[in-house]
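*Asks:* Sharing query_18.cif here; it has mmCIF, C-alpha atoms.
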```cif
data_data
loop_
_atom_site.group_PDB
_atom_site.id
_atom_site.type_symbol
_atom_site.label_atom_id
_atom_site.label_comp_id
_atom_site.auth_asym_id
_atom_site.auth_seq_id
_atom_site.Cartn_x
_atom_site.Cartn_y
_atom_site.Cartn_z
ATOM 1 C CA MET A 1 15.826 -93.385 51.767
ATOM 2 C CA ALA A 2 18.510 -95.917 52.658
ATOM 3 C CA GLU A 3 19.372 -96.344 56.324
ATOM 4 C CA ALA A 4 22.775 -96.898 57.966
ATOM 5 C CA GLY A 5 22.825 -96.978 61.747
ATOM 6 C CA SER A 6 20.919 -93.912 62.925
ATOM 7 C CA ARG A 7 21.387 -92.048 59.635
ATOM 8 C CA ARG A 8 19.033 -92.236 56.685
ATOM 9 C CA TYR A 9 20.633 -91.531 53.325
ATOM 10 C CA PRO A 10 18.935 -90.780 49.979
ATOM 11 C CA GLN A 11 19.127 -93.939 47.879
ATOM 12 C CA GLN A 12 19.958 -92.123 44.633
ATOM 13 C CA LEU A 13 22.770 -90.202 46.329
ATOM 14 C CA THR A 14 24.191 -93.397 47.831
ATOM 15 C CA SER A 15 24.187 -95.091 44.429
ATOM 16 C CA HIS A 16 25.962 -92.092 42.893
ATOM 17 C CA LEU A 17 28.649 -92.047 45.593
ATOM 18 C CA ARG A 18 29.155 -95.817 45.536
ATOM 19 C CA ASP A 19 30.451 -95.574 41.953
ATOM 20 C CA LEU A 20 33.054 -93.021 43.085
ATOM 21 C CA SER A 21 34.058 -94.568 46.434
ATOM 22 C CA LYS A 22 36.305 -97.377 47.600
ATOM 23 C CA GLU A 23 33.679 -98.702 50.043
ATOM 24 C CA LYS A 24 30.808 -100.415 48.236
ATOM 25 C CA ASN A 25 28.713 -102.024 50.988
ATOM 26 C CA ASN A 26 28.826 -100.225 54.337
ATOM 27 C CA GLU A 27 26.972 -96.959 53.768
ATOM 28 C CA LEU A 28 28.227 -95.288 56.936
ATOM 29 C CA GLN A 29 31.853 -95.939 55.930
ATOM 30 C CA LEU A 30 31.094 -94.909 52.362
ATOM 31 C CA TYR A 31 29.846 -91.476 53.465
ATOM 32 C CA ARG A 32 32.804 -91.046 55.795
ATOM 33 C CA GLU A 33 35.133 -91.239 52.796
ATOM 34 C CA TRP A 34 33.776 -87.880 51.639
ATOM 35 C CA THR A 35 34.520 -84.377 52.903
ATOM 36 C CA PHE A 36 33.240 -80.932 51.985
ATOM 37 C CA CYS A 37 35.579 -78.833 49.798
ATOM 38 C CA HIS A 38 33.868 -75.652 48.643
ATOM 39 C CA ILE A 39 30.654 -74.104 47.336
ATOM 40 C CA LYS A 40 30.056 -72.747 43.851
ATOM 41 C CA ASP A 41 27.231 -70.379 42.933
ATOM 42 C CA SER A 42 25.951 -71.691 39.602
ATOM 43 C CA GLY A 43 23.949 -68.501 39.097
ATOM 44 C CA GLU A 44 20.871 -70.500 38.115
ATOM 45 C CA THR A 45 18.396 -72.736 39.900
ATOM 46 C CA ASP A 46 18.279 -75.427 37.232
ATOM 47 C CA ARG A 47 20.834 -77.877 38.636
ATOM 48 C CA ARG A 48 19.977 -81.290 40.067
ATOM 49 C CA CYS A 49 21.463 -82.881 43.185
ATOM 50 C CA PRO A 50 22.470 -86.560 42.791
ATOM 51 C CA CYS A 51 19.734 -87.334 45.356
ATOM 52 C CA GLY A 52 17.195 -86.299 42.729
ATOM 53 C CA LYS A 53 16.184 -82.907 44.114
ATOM 54 C CA THR A 54 15.903 -80.180 41.471
ATOM 55 C CA GLY A 55 16.160 -76.405 41.684
ATOM 56 C CA ILE A 56 19.721 -76.400 43.041
ATOM 57 C CA ARG A 57 21.704 -73.161 42.733
ATOM 58 C CA TYR A 58 24.537 -73.563 45.253
ATOM 59 C CA LEU A 59 26.712 -76.562 44.419
ATOM 60 C CA CYS A 60 28.509 -78.028 47.430
ATOM 61 C CA TYR A 61 31.569 -79.878 46.150
ATOM 62 C CA ILE A 62 32.745 -82.899 48.114
ATOM 63 C CA LYS A 63 35.931 -84.902 47.653
ATOM 64 C CA ASN A 64 36.636 -88.541 48.413
ATOM 65 C CA ARG A 65 39.632 -88.841 50.771
ATOM 66 C CA ILE A 66 40.645 -92.221 49.314
ATOM 67 C CA THR A 67 39.840 -92.169 45.594
ATOM 68 C CA GLY A 68 40.338 -88.430 45.087
ATOM 69 C CA MET A 69 37.061 -88.200 43.133
ATOM 70 C CA LEU A 70 35.125 -84.928 43.193
ATOM 71 C CA THR A 71 31.374 -84.404 42.882
ATOM 72 C CA PHE A 72 28.745 -81.965 44.118
ATOM 73 C CA VAL A 73 25.546 -82.171 46.158
ATOM 74 C CA GLY A 74 22.922 -79.686 47.324
ATOM 75 C CA THR A 75 23.010 -77.643 50.527
ATOM 76 C CA LYS A 76 20.852 -80.170 52.394
ATOM 77 C CA CYS A 77 22.663 -83.346 51.362
ATOM 78 C CA VAL A 78 26.076 -81.863 52.181
ATOM 79 C CA GLU A 79 25.213 -82.122 55.880
ATOM 80 C CA PHE A 80 25.471 -85.927 55.683
ATOM 81 C CA PHE A 81 29.237 -85.953 55.404
ATOM 82 C CA ASP A 82 30.804 -84.805 58.687
ATOM 83 C CA GLU A 83 30.028 -83.057 61.956
ATOM 84 C CA GLU A 84 31.918 -79.906 60.992
ATOM 85 C CA MET A 85 29.810 -79.458 57.869
ATOM 86 C CA LYS A 86 27.086 -77.170 59.200
ATOM 87 C CA GLU A 87 29.545 -74.649 60.647
ATOM 88 C CA VAL A 88 31.652 -74.391 57.504
ATOM 89 C CA LEU A 89 28.604 -74.534 55.241
ATOM 90 C CA LYS A 90 26.911 -71.572 56.929
ATOM 91 C CA LEU A 91 30.067 -69.503 56.616
ATOM 92 C CA SER A 92 30.584 -70.529 52.989
ATOM 93 C CA LEU A 93 27.015 -69.745 51.975
ATOM 94 C CA GLY A 94 27.195 -66.323 53.583
ATOM 95 C CA LEU A 95 30.504 -65.423 51.957
ATOM 96 C CA ILE A 96 29.482 -66.540 48.486
ATOM 97 C CA SER A 97 25.911 -65.168 48.520
ATOM 98 C CA THR A 98 26.004 -61.875 50.464
ATOM 99 C CA GLY A 99 29.758 -61.430 50.596
ATOM 100 C CA VAL A 100 31.914 -59.317 52.912
ATOM 101 C CA THR A 101 33.270 -55.767 52.799
ATOM 102 C CA GLY A 102 36.960 -55.136 53.368
ATOM 103 C CA LYS A 103 39.579 -52.423 53.089
ATOM 104 C CA TYR A 104 42.598 -53.508 51.021
ATOM 105 C CA LYS A 105 45.804 -53.486 53.093
ATOM 106 C CA GLY A 106 48.306 -55.011 50.666
ATOM 107 C CA LEU A 107 49.945 -58.367 50.067
ATOM 108 C CA GLN A 108 50.576 -60.931 52.756
ATOM 109 C CA LYS A 109 54.233 -60.899 53.779
ATOM 110 C CA ASN A 110 56.157 -63.531 51.796
ATOM 111 C CA GLY A 111 52.943 -64.806 50.265
ATOM 112 C CA LYS A 112 50.450 -64.524 47.424
ATOM 113 C CA LYS A 113 47.352 -63.755 49.469
ATOM 114 C CA LYS A 114 45.941 -60.262 49.755
ATOM 115 C CA ARG A 115 44.974 -58.699 53.073
ATOM 116 C CA PHE A 116 41.641 -57.020 53.752
ATOM 117 C CA GLU A 117 40.668 -55.239 56.948
ATOM 118 C CA VAL A 118 37.150 -56.183 58.033
ATOM 119 C CA ARG A 119 34.825 -54.949 60.757
ATOM 120 C CA ALA A 120 35.116 -56.563 64.188
ATOM 121 C CA ASN A 121 31.363 -57.206 64.202
ATOM 122 C CA SER A 122 31.275 -58.793 60.731
ATOM 123 C CA LYS A 123 29.973 -62.336 60.405
ATOM 124 C CA ILE A 124 33.343 -63.623 59.251
ATOM 125 C CA VAL A 125 35.058 -62.360 62.426
ATOM 126 C CA LYS A 126 32.283 -63.713 64.630
ATOM 127 C CA LYS A 127 32.909 -67.158 63.118
ATOM 128 C CA GLU A 128 36.650 -67.013 63.893
ATOM 129 C CA PRO A 129 36.496 -68.737 67.318
ATOM 130 C CA ARG A 130 34.497 -71.664 65.951
ATOM 131 C CA LEU A 131 36.732 -72.018 62.889
ATOM 132 C CA LYS A 132 39.789 -71.980 65.169
ATOM 133 C CA ALA A 133 38.252 -74.882 67.049
ATOM 134 C CA LEU A 134 37.809 -76.836 63.806
ATOM 135 C CA PHE A 135 40.992 -75.908 61.932
ATOM 136 C CA LYS A 136 44.615 -75.267 62.841
ATOM 137 C CA HIS A 137 45.090 -72.622 60.125
ATOM 138 C CA VAL A 138 42.406 -69.953 59.640
ATOM 139 C CA PRO A 139 43.085 -66.799 57.538
ATOM 140 C CA ILE A 140 41.360 -64.431 59.983
ATOM 141 C CA TYR A 141 43.643 -62.406 62.237
ATOM 142 C CA GLN A 142 43.432 -59.715 64.898
ATOM 143 C CA LYS A 143 46.320 -57.273 64.550
ATOM 144 C CA ARG A 144 48.187 -55.574 67.379
ATOM 145 C CA ASN A 145 46.093 -52.470 66.805
ATOM 146 C CA LYS A 146 42.996 -54.627 67.535
ATOM 147 C CA LYS A 147 41.858 -54.386 63.890
ATOM 148 C CA TRP A 148 40.777 -57.574 62.105
ATOM 149 C CA GLU A 149 42.044 -58.788 58.754
ATOM 150 C CA ILE A 150 41.338 -61.685 56.442
ATOM 151 C CA GLN A 151 43.726 -63.076 53.839
ATOM 152 C CA ALA A 152 42.367 -64.245 50.508
ATOM 153 C CA PHE A 153 43.581 -65.275 47.078
ATOM 154 C CA THR A 154 42.465 -63.072 44.184
ATOM 155 C CA GLN A 155 43.722 -62.667 40.628
ATOM 156 C CA ARG A 156 43.015 -58.943 40.699
ATOM 157 C CA ASP A 157 46.224 -56.908 40.710
ATOM 158 C CA ASP A 158 44.644 -53.462 40.316
ATOM 159 C CA LEU A 159 43.597 -52.990 43.944
ATOM 160 C CA THR A 160 44.273 -49.659 45.662
ATOM 161 C CA LEU A 161 45.567 -49.497 49.221
ATOM 162 C CA ASP A 162 42.982 -48.407 51.805
ATOM 163 C CA GLU A 163 40.149 -48.555 49.283
ATOM 164 C CA CYS A 164 37.056 -50.550 50.246
ATOM 165 C CA TYR A 165 35.797 -53.513 48.244
ATOM 166 C CA THR A 166 32.818 -55.831 48.427
ATOM 167 C CA MET A 167 33.816 -59.434 47.886
ATOM 168 C CA LYS A 168 32.159 -62.755 47.351
ATOM 169 C CA ILE A 169 34.431 -65.463 48.700
ATOM 170 C CA LYS A 170 34.739 -69.208 48.181
ATOM 171 C CA SER A 171 36.038 -71.043 51.238
ATOM 172 C CA SER A 172 37.905 -74.320 50.772
ATOM 173 C CA ARG A 173 39.065 -76.854 53.330
ATOM 174 C CA TRP A 174 42.475 -78.516 53.111
ATOM 175 C CA THR A 175 44.638 -81.007 55.001
ATOM 176 C CA GLN A 176 48.433 -81.316 54.947
ATOM 177 C CA ASP A 177 51.067 -83.070 57.048
ATOM 178 C CA TYR A 178 51.377 -79.952 59.223
ATOM 179 C CA GLY A 179 47.656 -79.711 59.947
ATOM 180 C CA ASN A 180 44.338 -78.706 58.441
ATOM 181 C CA GLY A 181 42.975 -75.348 57.484
ATOM 182 C CA ILE A 182 40.600 -73.256 55.449
ATOM 183 C CA THR A 183 41.427 -70.991 52.508
ATOM 184 C CA PHE A 184 39.515 -67.979 51.166
ATOM 185 C CA ARG A 185 39.446 -67.248 47.434
ATOM 186 C CA VAL A 186 37.690 -64.161 46.009
ATOM 187 C CA THR A 187 35.252 -65.051 43.219
ATOM 188 C CA GLU A 188 33.762 -61.564 42.727
ATOM 189 C CA LEU A 189 35.208 -58.209 43.747
ATOM 190 C CA GLU A 190 33.901 -54.685 43.312
ATOM 191 C CA ARG A 191 35.324 -51.396 44.546
ATOM 192 C CA ILE A 192 32.983 -49.291 46.640
ATOM 193 C CA GLN A 193 32.767 -46.039 44.727
ATOM 194 C CA SER A 194 31.439 -43.837 47.504
ATOM 195 C CA LEU A 195 31.525 -44.453 51.214
ATOM 196 C CA ASN A 196 28.529 -42.091 51.531
ATOM 197 C CA ASN A 197 26.423 -45.029 50.373
ATOM 198 C CA TYR A 198 28.087 -47.314 52.893
ATOM 199 C CA TYR A 199 27.963 -45.165 56.011
ATOM 200 C CA GLU A 200 27.400 -48.228 58.179
ATOM 201 C CA ILE A 201 30.908 -49.518 57.384
ATOM 202 C CA GLU A 202 33.312 -48.680 60.206
ATOM 203 C CA PHE A 203 36.921 -49.792 60.334
#
```
Kindly transcribe the structure held in the file into structure tokens.

*Replies:*
Amino acid sequence: MAEAGSRRYPQQLTSHLRDLSKEKNNELQLYREWTFCHIKDSGETDRRCPCGKTGIRYLCYIKNRITGMLTFVGTKCVEFFDEEMKEVLKLSLGLISTGVTGKYKGLQKNGKKKRFEVRANSKIVKKEPRLKALFKHVPIYQKRNKKWEIQAFTQRDDLTLDECYTMKIKSSRWTQDYGNGITFRVTELERIQSLNNYYEIEF
């Protein structure tokens, strides 16, 4: 392990990132060039993290703020990159592994995202206050009727209003001149055929 200040970084990971970063000497500054983007479920446990660890299934993609380079690391190494990482990582892992259930409510007004009503006690709603503290724009909303909705991108155009769907979601961070935010994109979607099998779902 290489050490920088109070942090100890895997030497192989540092060497990998150095080739893709502007900073070449100061390890602390080198790691600060990188930020978490999104997680991808590879579906297998045969991937290798640049640190050398094998058996990686969930690939945590990070992007260099200066060079624009993109690479991935494992779920442990991703925590090296910024203080917000653990909060966003936990949400991302939950959404992409176990997913969330939502009732389709139509297209976002003047937008391309689709709206899904979710339970008030769902994990994604419980994370809303913390995400609001980290990001200016968060696609989780409480409506006037006190119901909660999320907005997500999906290529599926065959959704039926007020039907329930289980979704696996990839969350991505972004930064623009008008602030930062997080975006949800559906990677897997399946209609719930019978609510008798999902009696615990209450909207």

*Asks:* Just want the 8 Å neighbourhood of range 43-60 of chain A, counted on all atoms listed in the file, with same-chain residues fewer than 6 positions away dropped. Output as a PyMOL selection string.

*Replies:* chain A and resi 10-14+16+36-37+72-75+77-78

*Asks:* Specify as a ChimeraX atom specification each residue included when the PyMOL selection byres ((chain A and resi 135-147) around 12) is applied to this file.

*Replies:* /A:84,87-88,102-103,105,108,113-134,148-153,171-185,202-203

*Asks:* Name the residues that the PyMOL selection byres ((chain A and resi 98) around 10) picks from the file above, as number ranges by chain, using the file's chain letters and numbers.

*Replies:* A: 93-97, 99-101, 166-169

*Asks:* Going by the chain IDs and residue numbers used in this file, which residues fall under the PyMOL selection byres ((chain A and resi 21-32) around 8)? Write them as a ChimeraX atom specification.

*Replies:* /A:4-5,14,17-20,33-35,64,66-67,69,80-82

*Asks:* So, counting all atoms listed in the file, which residue among A:Thr71, A:Lys40, A:Ser15, A:Leu107 is closest to Glu188 in chain A?

*Replies:*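 Closest to Glu188 in chain A, using all atoms listed in the file: A:Lys40.
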
*Asks:* Rounded to one decimal, what separation in Å do you get between CA of Gln155 in chain A and CA of Thr187 in chain A?

*Replies:*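 Between CA of Gln155 in chain A and CA of Thr187 in chain A the gap is 9.2 Å.
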
*Asks:* Separation of CA of His38 in chain A and CA of Arg8 in chain A, in Å?

*Replies:*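 Here the two named atoms are 23.7 Å from each other.
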
*Asks:* Let me make sure I understand: among A:Tyr9, A:Lys112, A:Val186, A:Gly68, which one has the smallest atom-to-atom distance to Thr154 in chain A if we use all atoms listed in the file?

*Replies:*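 Looking at the shortest contact to Thr154 in chain A, the residue is A:Val186.
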
*Asks:* Name the closest residue to Ser42 in chain A among the candidates A:Tyr61, A:Lys90, A:Asp157, A:Asn110; distances are taken between atoms, counting all atoms listed in the file.

*Replies:* A:Tyr61

*Asks:* Take CA of Gly111 in chain A and CA of Leu189 in chain A and report the distance between them in Å, one decimal.

*Replies:*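 Distance reported for this atom pair: 20.0 Å.
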
*Asks:* Might I get the box with edges along x, y and z of the file that holds all atoms of range 175-184 of chain A listed there, padded by 8 Å on every side, given as centre and edge lengths in Å to one decimal, as JSON?

*Replies:*
```
{"center_x": 45.4, "center_y": -75.5, "center_z": 55.6, "size_x": 27.9, "size_y": 31.1, "size_z": 24.8}
```

*Asks:* Which residue is closest to Gln193 in chain A? Choose from A:Leu159, A:Leu70, A:Leu91, A:Cys164 and count only C-alpha atoms.

*Replies:* A:Cys164
